Amino acid sequence: GNDAAARTLGDRVGRDEEPPLTLTGHDGPVTAMQFDGTGSRLASGGQDGNVVLWDVVGETGLYRLTGHGRRSGAASGISGVHFLSHDRLLSGGMDGSCKVWDLVAQRCTHTWTGEGGGGAVLSTAVRSSLLGGGAVNVAAACADGRVRMWELPAPGSAADGEDEKVRYMGALAQEEAGRRASVVKYARAGGISYALVLYHKSHLLDVYEVRNEKEREHRRKLRLRRRRNKKEKKAEKEGLQEDDGTPASRKKKKGGILDSDSEDDEEVTGDQNAGTTTELAIPGDSRDFNHVTVADELLHVLSISAGPPVPGEGALRIRGFCVLPAVAAGSVSKS
């Protein structure tokens, strides 16, 4: 809350004789919280830029993780905390950085910021391997309105003597121009994983299906094959240029579009016969195009609307959302 305290209710809801558990340790409002898988530990992030680990059973603070700075002239604080495993935690901050913490050593192991200067990280989401212990996908809604994605390697996956590197996967293009992403979440239903993106002052919620491993690999190979063919055509055209002396700027493809070997051009265009998800080209893009990118990973499946405009009040806006567990969703629909 704004009083710098983290509160847990648990089974105390509705029991006047027992007040909620109050944990005080931040120097400012609490802005993010998450329990670990056992429910015995709580991670909280505050406007002070610190992450605090709590022993809920013992009702005491364990330690504080510091390292998120403050951007000049911008708001400060932690926008998201996520337990990646028993001993690893991810945090996203308004300073524009994401960090991974080793909870045993109580130190930061990875730090990265948005490609192209995305600004503050407004919201974070993580998707782990279903088998556990594998790579983790991290999505962040940034202040410039873009959703960026990274792949965090599994612990111990790097070769001896090498650092485990966070791999940038790309930025998601809006399905409707002009909207600015403010919240991103992952959910799973019916054996399928989804990414959900909410935009600032919007009446729409975009839903993306996360392709399975086989589909992602097919997309990746198709994209690389397309690029290889493009290179071969370019080499052939340059050979023809030498024969007839026509400048390359005068040789055009069908439709009047100049042939290009640009990675950005290929990624933004996408595969016209396999989904509509596209990526944004960002200056200084560090993607390794031999690996899976955002366009390989996600497929836009639908946009959920808040409903028609209300007479006298204008368009409805979605201000927040949550995903109900399958059991809860079923019980609600039956009632």
# chains A, B, ... in the order shown; residues from 1 in each chain; ligands from 1

call {"tool": "residues_around", "arguments": {"residues": "segment 316-321 of chain A", "least_positions_apart": "4", "cutoff": "12 Å", "atoms": "only C-alpha atoms", "output": "ChimeraX atom specification"}}
result
/A:123,181-187,196-206,304-312

call {"tool": "select_by_dssp", "arguments": {"residues": "segment 185-247 of chain A", "states": "helix (DSSP H, G or I)", "output": "PyMOL selection string"}}
result
chain A and resi 213-244

call {"tool": "write_last_selection", "arguments": {"atoms": "C-alpha atoms", "output": "PDB file, in the first residue's frame"}}
result
ATOM      1  CA  GLU A 213       8.265 -25.776 -30.079  1.00  0.00           C
ATOM      2  CA  LYS A 214       7.599 -27.573 -33.364  1.00  0.00           C
ATOM      3  CA  GLU A 215       5.709 -24.612 -34.832  1.00  0.00           C
ATOM      4  CA  ARG A 216       8.362 -22.121 -33.694  1.00  0.00           C
ATOM      5  CA  GLU A 217      11.116 -24.171 -35.283  1.00  0.00           C
ATOM      6  CA  HIS A 218       9.125 -24.446 -38.536  1.00  0.00           C
ATOM      7  CA  ARG A 219       8.685 -20.656 -38.632  1.00  0.00           C
ATOM      8  CA  ARG A 220      12.359 -20.084 -37.929  1.00  0.00           C
ATOM      9  CA  LYS A 221      13.497 -22.434 -40.707  1.00  0.00           C
ATOM     10  CA  LEU A 222      10.981 -20.925 -43.143  1.00  0.00           C
ATOM     11  CA  ARG A 223      12.240 -17.432 -42.377  1.00  0.00           C
ATOM     12  CA  LEU A 224      15.885 -18.412 -42.823  1.00  0.00           C
ATOM     13  CA  ARG A 225      15.090 -20.213 -46.082  1.00  0.00           C
ATOM     14  CA  ARG A 226      13.306 -17.082 -47.341  1.00  0.00           C
ATOM     15  CA  ARG A 227      16.310 -14.948 -46.482  1.00  0.00           C
ATOM     16  CA  ARG A 228      18.685 -17.361 -48.190  1.00  0.00           C
ATOM     17  CA  ASN A 229      16.574 -17.256 -51.339  1.00  0.00           C
ATOM     18  CA  LYS A 230      16.579 -13.471 -51.177  1.00  0.00           C
ATOM     19  CA  LYS A 231      20.370 -13.431 -51.029  1.00  0.00           C
ATOM     20  CA  GLU A 232      20.612 -15.780 -54.011  1.00  0.00           C
ATOM     21  CA  LYS A 233      18.254 -13.590 -56.051  1.00  0.00           C
ATOM     22  CA  LYS A 234      20.238 -10.509 -55.127  1.00  0.00           C
ATOM     23  CA  ALA A 235      23.505 -12.163 -56.186  1.00  0.00           C
ATOM     24  CA  GLU A 236      21.896 -13.249 -59.464  1.00  0.00           C
ATOM     25  CA  LYS A 237      20.587  -9.742 -60.113  1.00  0.00           C
ATOM     26  CA  GLU A 238      23.994  -8.201 -59.446  1.00  0.00           C
ATOM     27  CA  GLY A 239      25.450 -10.624 -61.971  1.00  0.00           C
ATOM     28  CA  LEU A 240      22.906  -9.486 -64.559  1.00  0.00           C
ATOM     29  CA  GLN A 241      23.760  -5.876 -63.767  1.00  0.00           C
ATOM     30  CA  GLU A 242      27.371  -6.483 -64.692  1.00  0.00           C
ATOM     31  CA  ASP A 243      26.219  -7.904 -68.059  1.00  0.00           C
ATOM     32  CA  ASP A 244      23.868  -5.113 -69.176  1.00  0.00           C
TER      33      ASP A 244
END

call {"tool": "closest_residue", "arguments": {"among": "A:Arg41, A:Asn290, A:Leu302, A:Leu84", "to": "Lys99 of chain A", "atoms": "only C-alpha atoms"}}
result
A:Leu84

call {"tool": "closest_residue", "arguments": {"among": "A:Asn212, A:Thr24, A:Gln47, A:Ser97", "to": "Ser193 of chain A", "atoms": "only C-alpha atoms"}}
result
A:Asn212

call {"tool": "closest_residue", "arguments": {"among": "A:Val51, A:Ala189, A:Leu42, A:Cys98", "to": "Pro325 of chain A", "atoms": "only C-alpha atoms"}}
result
A:Ala189

call {"tool": "closest_residue", "arguments": {"among": "A:Arg180, A:Asp296, A:Val136, A:Pro155", "to": "Tyr208 of chain A", "atoms": "only C-alpha atoms"}}
result
A:Asp296

call {"tool": "atom_distance", "arguments": {"atom1": "atom CA of Phe83 of chain A", "atom2": "atom CA of Gly118 of chain A"}}
result
23.9 Å

call {"tool": "residues_around", "arguments": {"residues": "segment 144-153 of chain A", "least_positions_apart": "5", "cutoff": "6 Å", "atoms": "only C-alpha atoms", "output": "VMD selection string"}}
result
chain A and resid 118 135 to 139 166 to 172 180 to 181

call {"tool": "write_last_selection", "arguments": {"atoms": "N, CA, C and O atoms", "output": "short mmCIF file (atom, residue, chain, number, x, y, z; two decimals), in the first residue's frame"}}
result
data_model
loop_
_atom_site.label_atom_id
_atom_site.label_comp_id
_atom_site.auth_asym_id
_atom_site.auth_seq_id
_atom_site.Cartn_x
_atom_site.Cartn_y
_atom_site.Cartn_z
N GLY A 118 13.94 2.05 -24.57
CA GLY A 118 12.50 1.93 -24.36
C GLY A 118 11.96 2.70 -23.19
O GLY A 118 10.76 2.88 -23.05
N ALA A 135 14.85 -22.67 -20.14
CA ALA A 135 14.91 -21.25 -20.44
C ALA A 135 13.59 -20.58 -20.07
O ALA A 135 12.54 -21.22 -20.01
N VAL A 136 13.66 -19.28 -19.82
CA VAL A 136 12.49 -18.50 -19.42
C VAL A 136 12.32 -17.34 -20.40
O VAL A 136 13.29 -16.66 -20.74
N ASN A 137 11.10 -17.13 -20.87
CA ASN A 137 10.79 -15.97 -21.71
C ASN A 137 10.33 -14.83 -20.82
O ASN A 137 9.47 -15.01 -19.96
N VAL A 138 10.90 -13.65 -21.06
CA VAL A 138 10.55 -12.46 -20.30
C VAL A 138 9.96 -11.43 -21.25
O VAL A 138 10.57 -11.13 -22.29
N ALA A 139 8.79 -10.91 -20.94
CA ALA A 139 8.15 -9.87 -21.73
C ALA A 139 8.02 -8.61 -20.88
O ALA A 139 7.76 -8.70 -19.67
N VAL A 166 21.55 -13.15 -21.92
CA VAL A 166 20.13 -12.92 -22.19
C VAL A 166 19.99 -12.59 -23.66
O VAL A 166 20.66 -11.69 -24.17
N ARG A 167 19.11 -13.30 -24.36
CA ARG A 167 18.97 -13.11 -25.81
C ARG A 167 17.72 -12.29 -26.11
O ARG A 167 16.62 -12.65 -25.72
N TYR A 168 17.92 -11.17 -26.82
CA TYR A 168 16.80 -10.31 -27.23
C TYR A 168 16.06 -10.97 -28.38
O TYR A 168 16.65 -11.40 -29.36
N MET A 169 14.72 -11.06 -28.27
CA MET A 169 13.90 -11.74 -29.28
C MET A 169 13.16 -10.77 -30.19
O MET A 169 12.62 -11.18 -31.22
N GLY A 170 13.09 -9.49 -29.82
CA GLY A 170 12.40 -8.52 -30.67
C GLY A 170 11.30 -7.77 -29.94
O GLY A 170 10.98 -8.04 -28.78
N ALA A 171 10.71 -6.81 -30.63
CA ALA A 171 9.62 -6.00 -30.10
C ALA A 171 8.35 -6.30 -30.88
O ALA A 171 8.37 -6.41 -32.10
N LEU A 172 7.26 -6.41 -30.17
CA LEU A 172 5.97 -6.75 -30.78
C LEU A 172 5.33 -5.51 -31.39
O LEU A 172 5.23 -4.46 -30.75
N ARG A 180 -0.36 2.33 -27.04
CA ARG A 180 0.84 2.19 -26.23
C ARG A 180 0.60 1.11 -25.17
O ARG A 180 -0.28 1.25 -24.32
N ALA A 181 1.39 0.05 -25.23
CA ALA A 181 1.22 -1.06 -24.30
C ALA A 181 1.52 -0.61 -22.87
O ALA A 181 2.47 0.14 -22.62
#

call {"tool": "residues_around", "arguments": {"residues": "Leu122 of chain A", "least_positions_apart": "5", "cutoff": "6 Å", "atoms": "only C-alpha atoms", "output": "number ranges by chain"}}
result
A: 79, 141-142

call {"tool": "write_last_selection", "arguments": {"atoms": "all heavy atoms", "output": "PDB file, in the first residue's frame"}}
result
ATOM      1  N   SER A  79       8.267  -2.322 -10.922  1.00  0.00           N
ATOM      2  CA  SER A  79       6.981  -2.545 -11.601  1.00  0.00           C
ATOM      3  C   SER A  79       6.567  -4.008 -11.613  1.00  0.00           C
ATOM      4  O   SER A  79       5.407  -4.313 -11.896  1.00  0.00           O
ATOM      5  CB  SER A  79       7.059  -2.022 -13.036  1.00  0.00           C
ATOM      6  OG  SER A  79       8.172  -2.571 -13.708  1.00  0.00           O
ATOM      7  N   ALA A 141       6.413  -4.497 -21.001  1.00  0.00           N
ATOM      8  CA  ALA A 141       5.766  -3.347 -21.628  1.00  0.00           C
ATOM      9  C   ALA A 141       6.565  -2.117 -21.217  1.00  0.00           C
ATOM     10  O   ALA A 141       6.717  -1.845 -20.019  1.00  0.00           O
ATOM     11  CB  ALA A 141       4.315  -3.235 -21.172  1.00  0.00           C
ATOM     12  N   CYS A 142       7.098  -1.392 -22.198  1.00  0.00           N
ATOM     13  CA  CYS A 142       7.989  -0.263 -21.914  1.00  0.00           C
ATOM     14  C   CYS A 142       7.284   1.068 -22.148  1.00  0.00           C
ATOM     15  O   CYS A 142       6.245   1.141 -22.797  1.00  0.00           O
ATOM     16  CB  CYS A 142       9.240  -0.367 -22.781  1.00  0.00           C
ATOM     17  SG  CYS A 142      10.184  -1.883 -22.507  1.00  0.00           S
TER      18      CYS A 142
END

call {"tool": "atom_distance", "arguments": {"atom1": "atom CA of Ala154 of chain A", "atom2": "atom CA of Ser128 of chain A"}}
result
9.8 Å

call {"tool": "decode", "arguments": {"residues": "segment 305-321 of chain A", "atoms": "N, CA and C atoms", "output": "mmCIF file, in the first residue's frame"}}
result
data_model
loop_
_atom_site.group_PDB
_atom_site.id
_atom_site.type_symbol
_atom_site.label_atom_id
_atom_site.label_comp_id
_atom_site.auth_asym_id
_atom_site.auth_seq_id
_atom_site.Cartn_x
_atom_site.Cartn_y
_atom_site.Cartn_z
ATOM 1 N N SER A 305 -12.868 -6.774 -26.778
ATOM 2 C CA SER A 305 -13.351 -5.402 -26.615
ATOM 3 C C SER A 305 -14.093 -5.239 -25.290
ATOM 4 N N ALA A 306 -13.967 -4.046 -24.712
ATOM 5 C CA ALA A 306 -14.688 -3.733 -23.468
ATOM 6 C C ALA A 306 -16.171 -3.553 -23.718
ATOM 7 N N GLY A 307 -16.561 -3.385 -24.974
ATOM 8 C CA GLY A 307 -17.969 -3.214 -25.293
ATOM 9 C C GLY A 307 -18.225 -1.928 -26.051
ATOM 10 N N PRO A 308 -19.448 -1.737 -26.518
ATOM 11 C CA PRO A 308 -19.787 -0.525 -27.277
ATOM 12 C C PRO A 308 -19.770 0.713 -26.397
ATOM 13 N N PRO A 309 -19.613 1.904 -26.998
ATOM 14 C CA PRO A 309 -19.629 3.144 -26.222
ATOM 15 C C PRO A 309 -20.925 3.305 -25.430
ATOM 16 N N VAL A 310 -20.813 3.901 -24.244
ATOM 17 C CA VAL A 310 -21.974 4.158 -23.395
ATOM 18 C C VAL A 310 -22.510 5.547 -23.717
ATOM 19 N N PRO A 311 -23.804 5.674 -24.045
ATOM 20 C CA PRO A 311 -24.368 6.988 -24.365
ATOM 21 C C PRO A 311 -24.094 8.006 -23.270
ATOM 22 N N GLY A 312 -23.555 9.134 -23.647
ATOM 23 C CA GLY A 312 -23.270 10.199 -22.700
ATOM 24 C C GLY A 312 -21.948 10.050 -21.977
ATOM 25 N N GLU A 313 -21.302 8.887 -22.087
ATOM 26 C CA GLU A 313 -20.040 8.655 -21.372
ATOM 27 C C GLU A 313 -18.878 8.339 -22.299
ATOM 28 N N GLY A 314 -19.188 8.011 -23.534
ATOM 29 C CA GLY A 314 -18.125 7.719 -24.485
ATOM 30 C C GLY A 314 -17.676 6.276 -24.455
ATOM 31 N N ALA A 315 -16.517 6.022 -25.024
ATOM 32 C CA ALA A 315 -16.013 4.657 -25.159
ATOM 33 C C ALA A 315 -15.571 4.081 -23.819
ATOM 34 N N LEU A 316 -15.824 2.798 -23.634
ATOM 35 C CA LEU A 316 -15.365 2.097 -22.440
ATOM 36 C C LEU A 316 -13.875 1.806 -22.565
ATOM 37 N N ARG A 317 -13.195 1.721 -21.443
ATOM 38 C CA ARG A 317 -11.774 1.420 -21.433
ATOM 39 C C ARG A 317 -11.489 0.278 -20.470
ATOM 40 N N ILE A 318 -10.552 -0.565 -20.847
ATOM 41 C CA ILE A 318 -10.118 -1.644 -19.961
ATOM 42 C C ILE A 318 -8.977 -1.110 -19.114
ATOM 43 N N ARG A 319 -9.139 -1.122 -17.804
ATOM 44 C CA ARG A 319 -8.118 -0.581 -16.915
ATOM 45 C C ARG A 319 -7.262 -1.678 -16.278
ATOM 46 N N GLY A 320 -7.722 -2.902 -16.322
ATOM 47 C CA GLY A 320 -6.966 -4.003 -15.747
ATOM 48 C C GLY A 320 -7.666 -5.307 -16.060
ATOM 49 N N PHE A 321 -6.982 -6.416 -15.861
ATOM 50 C CA PHE A 321 -7.581 -7.714 -16.135
ATOM 51 C C PHE A 321 -6.828 -8.790 -15.369
#
